[in-house]
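This report concerns only the one structure given below.
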Amino acid sequence: MRRTLALVSAGALVAGAVAAAPAVAAAPPHAGLPGTITVPAAVGQLIAAADARRQGIDWSACPAGWSLPAPVSCGYVTVPVDYTRPYGDSIRLAVDRAASTGTPAERQGSLIYNPGGPGGSGLRFPLRTTTSAALWKKTAKAYDFVGFDPRGVGHSAPISCQDPSAYVAAPKADPVPDDEADKQAQRKLAAEYADGCLERTGAAMLSQMTTVNTARDLDVIRAALREQRLNYLGASYGTYLGAVYATLFPTHVRRMIVDSVVNPDPGQIWYRNNLDQDVAFEGRWQDWEKWVARYDSVYHLGSTAAKVQAKWLALRAAVKAHPAGGVVGPAELIGFFQNAPYYDSDWPTVAGVWSRYEAGDTKALTDAAGPDLSDTAGNKTAENGTAVYTAVECTDAKWPASWPRWDRDNTALNAEYPFLTWSNAWLNLPCATWGVRQQRPVDVTSRPGLPGVLIVQSTRDAATPYAGALELHRRLAGSRLVTERDAGSHGVTGLVNPCVNSRVDAYLLEGTLDARDVTCGPHAAPVPATS
């Protein structure tokens, strides 16, 4: 689960609301049936899947602006906005594909990928084939690599909650409140953000931005590909999407790998998961500080983790008083520095930027953590990602409406786990005043016909704590858990670790699972380029 904090004033939220509305097509009556006819959602999904199978996908060269060069090809799959109204309004989902590189005899079908979010685009996944990514060479011989933009994302009827230029405006208020007035100001921004989502996206679309509907969309894509069963790789939030799909469509699964797992317990979706995340981020932040201290000869940020933390607090206080370059305050710092707890591949980058800043290079920090107002397309993409994240998590499940509960829980957590707690709280607080009905989470479980699922997880993952993998493993009978011990990078299957990589290949290529769960050692820790 990826998160970014960017809340602004009410005026900016609703600006351009009509222009930002998602591209929803008013469908003509289907076979003489009125668009207003309603059916159970499961029936609507069957209708949509049957239509998609008949129509297939019209593959062609990807639009120039998508940066997906040949041999990747692109197309669209049409799905209902609301599966209870399968003949009503529809949207088009962008999909892309790189054909398998092996012989026809080696081909096993399509492998569909979701990178997480919610709000992430999967369209770059096929490039793992075309760029000959070493870890995926064997798999690419057997599978067409297929990516897609989920509903509301990117090129699939994108939604919006605020004007992108306002979204990136900086510096924003320090997420850690000094007093009650600061909390009230953040509460006001969160309520305005929720209002902006409803105003810019519209209730008809916003109410259908759920994981359940995205799982239904995924099955319609499977049908459009004319695959009998789904081969799926999901990371981060993509693991929850996969778990919901497996529950709804157990007999449609052929292979499923879930990497860095969201805790699927309905009681965790989503409020409790976010609180647990705050604890895990603090632990991984401390891992990074120890690493920085180990390379003090390179970075000069402190020879112990305690000294690095003291310097961090000093940096935070300094940019709060005087934002770096006029644009980087504490909120922007967290937005950049949280990359270190997420991915240890970013450890040298984050430490290097900080080190250069401490040596007098202010531009190093402002370039890394500040906004680029000239990057119109990038800012639009970033705003859309946060809008989808908010829409899905807020609509998926009920959230506490009581501010005293939010205040009590986050004040207590911040006392021990201060790195992310308040930033995370304000990001999710729009869910307390959400403008459409909040749903009941799916009770993820094994059902007849579901094959063994491969679960991959590191023990010190910050974004999706290890307990989530254990819970999904408990719920999916026949699943196998591959644990990467003493590691915490978010997303394991894309890292070089032969103990993990060989099992991913064996599962995808041969359907092989170990007789019992496996614990692997960690992948190689990063080393500073200059050390």
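Residues are referred to by chain and number: the chain letter is A, B, ... according to the order shown in the structure tokens, the number counts from 1 in that chain, and ligands are numbered separately from 1 in the order shown.
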
**Report entry** segment 115-125 of chain A environment, 7 Å, only C-alpha atoms, sequence neighbours closer than 3 positions dropped, as a list of chain:residue names
**Finding:**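 What passes the distance filter is A:Met1, A:Arg2, A:Val95, A:Asp96, A:Arg128, A:Phe145, A:Val146, A:Gly147, A:Phe148, A:Asp149, A:Val153, A:Gly154, A:Gly234, A:Ala235, A:Ser236, A:Tyr237, A:Gly238, A:Gly385, A:Thr386, A:Val388, A:Tyr389, A:Val392.
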
Report task. Tell me which protein, DNA and RNA residues are within 12 Å of Ser423 of chain A, counting only C-alpha atoms, leaving out same-chain ones fewer than 6 positions away, and put them as a count of residues only. Result -> 32

Report task. Determine, counting only C-alpha atoms, which protein, DNA and RNA residues have an atom within 12 Å of an atom of Val212 of chain A; residues of the same chain fewer than 5 positions away are not included. Present the result as a PyMOL selection string. Result -> chain A and resi 41-42+45+82-83+150-151+207+217-219+240-249+392-393+395-397+439-444

Requested in this report: Pick out the residues sitting within 7 Å of segment 104-112 of chain A, and hand them over as a list of chain:residue names; count only C-alpha atoms, and ignore anything fewer than 2 positions along from it in its own chain.
Outcome: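 The residues satisfying every condition are A:Ser100, A:Gly102, A:Lys141, A:Ala142, A:Tyr143, A:Asp144, A:Phe145, A:Val146, A:Gly147, A:Asn231, A:Tyr232, A:Leu233.
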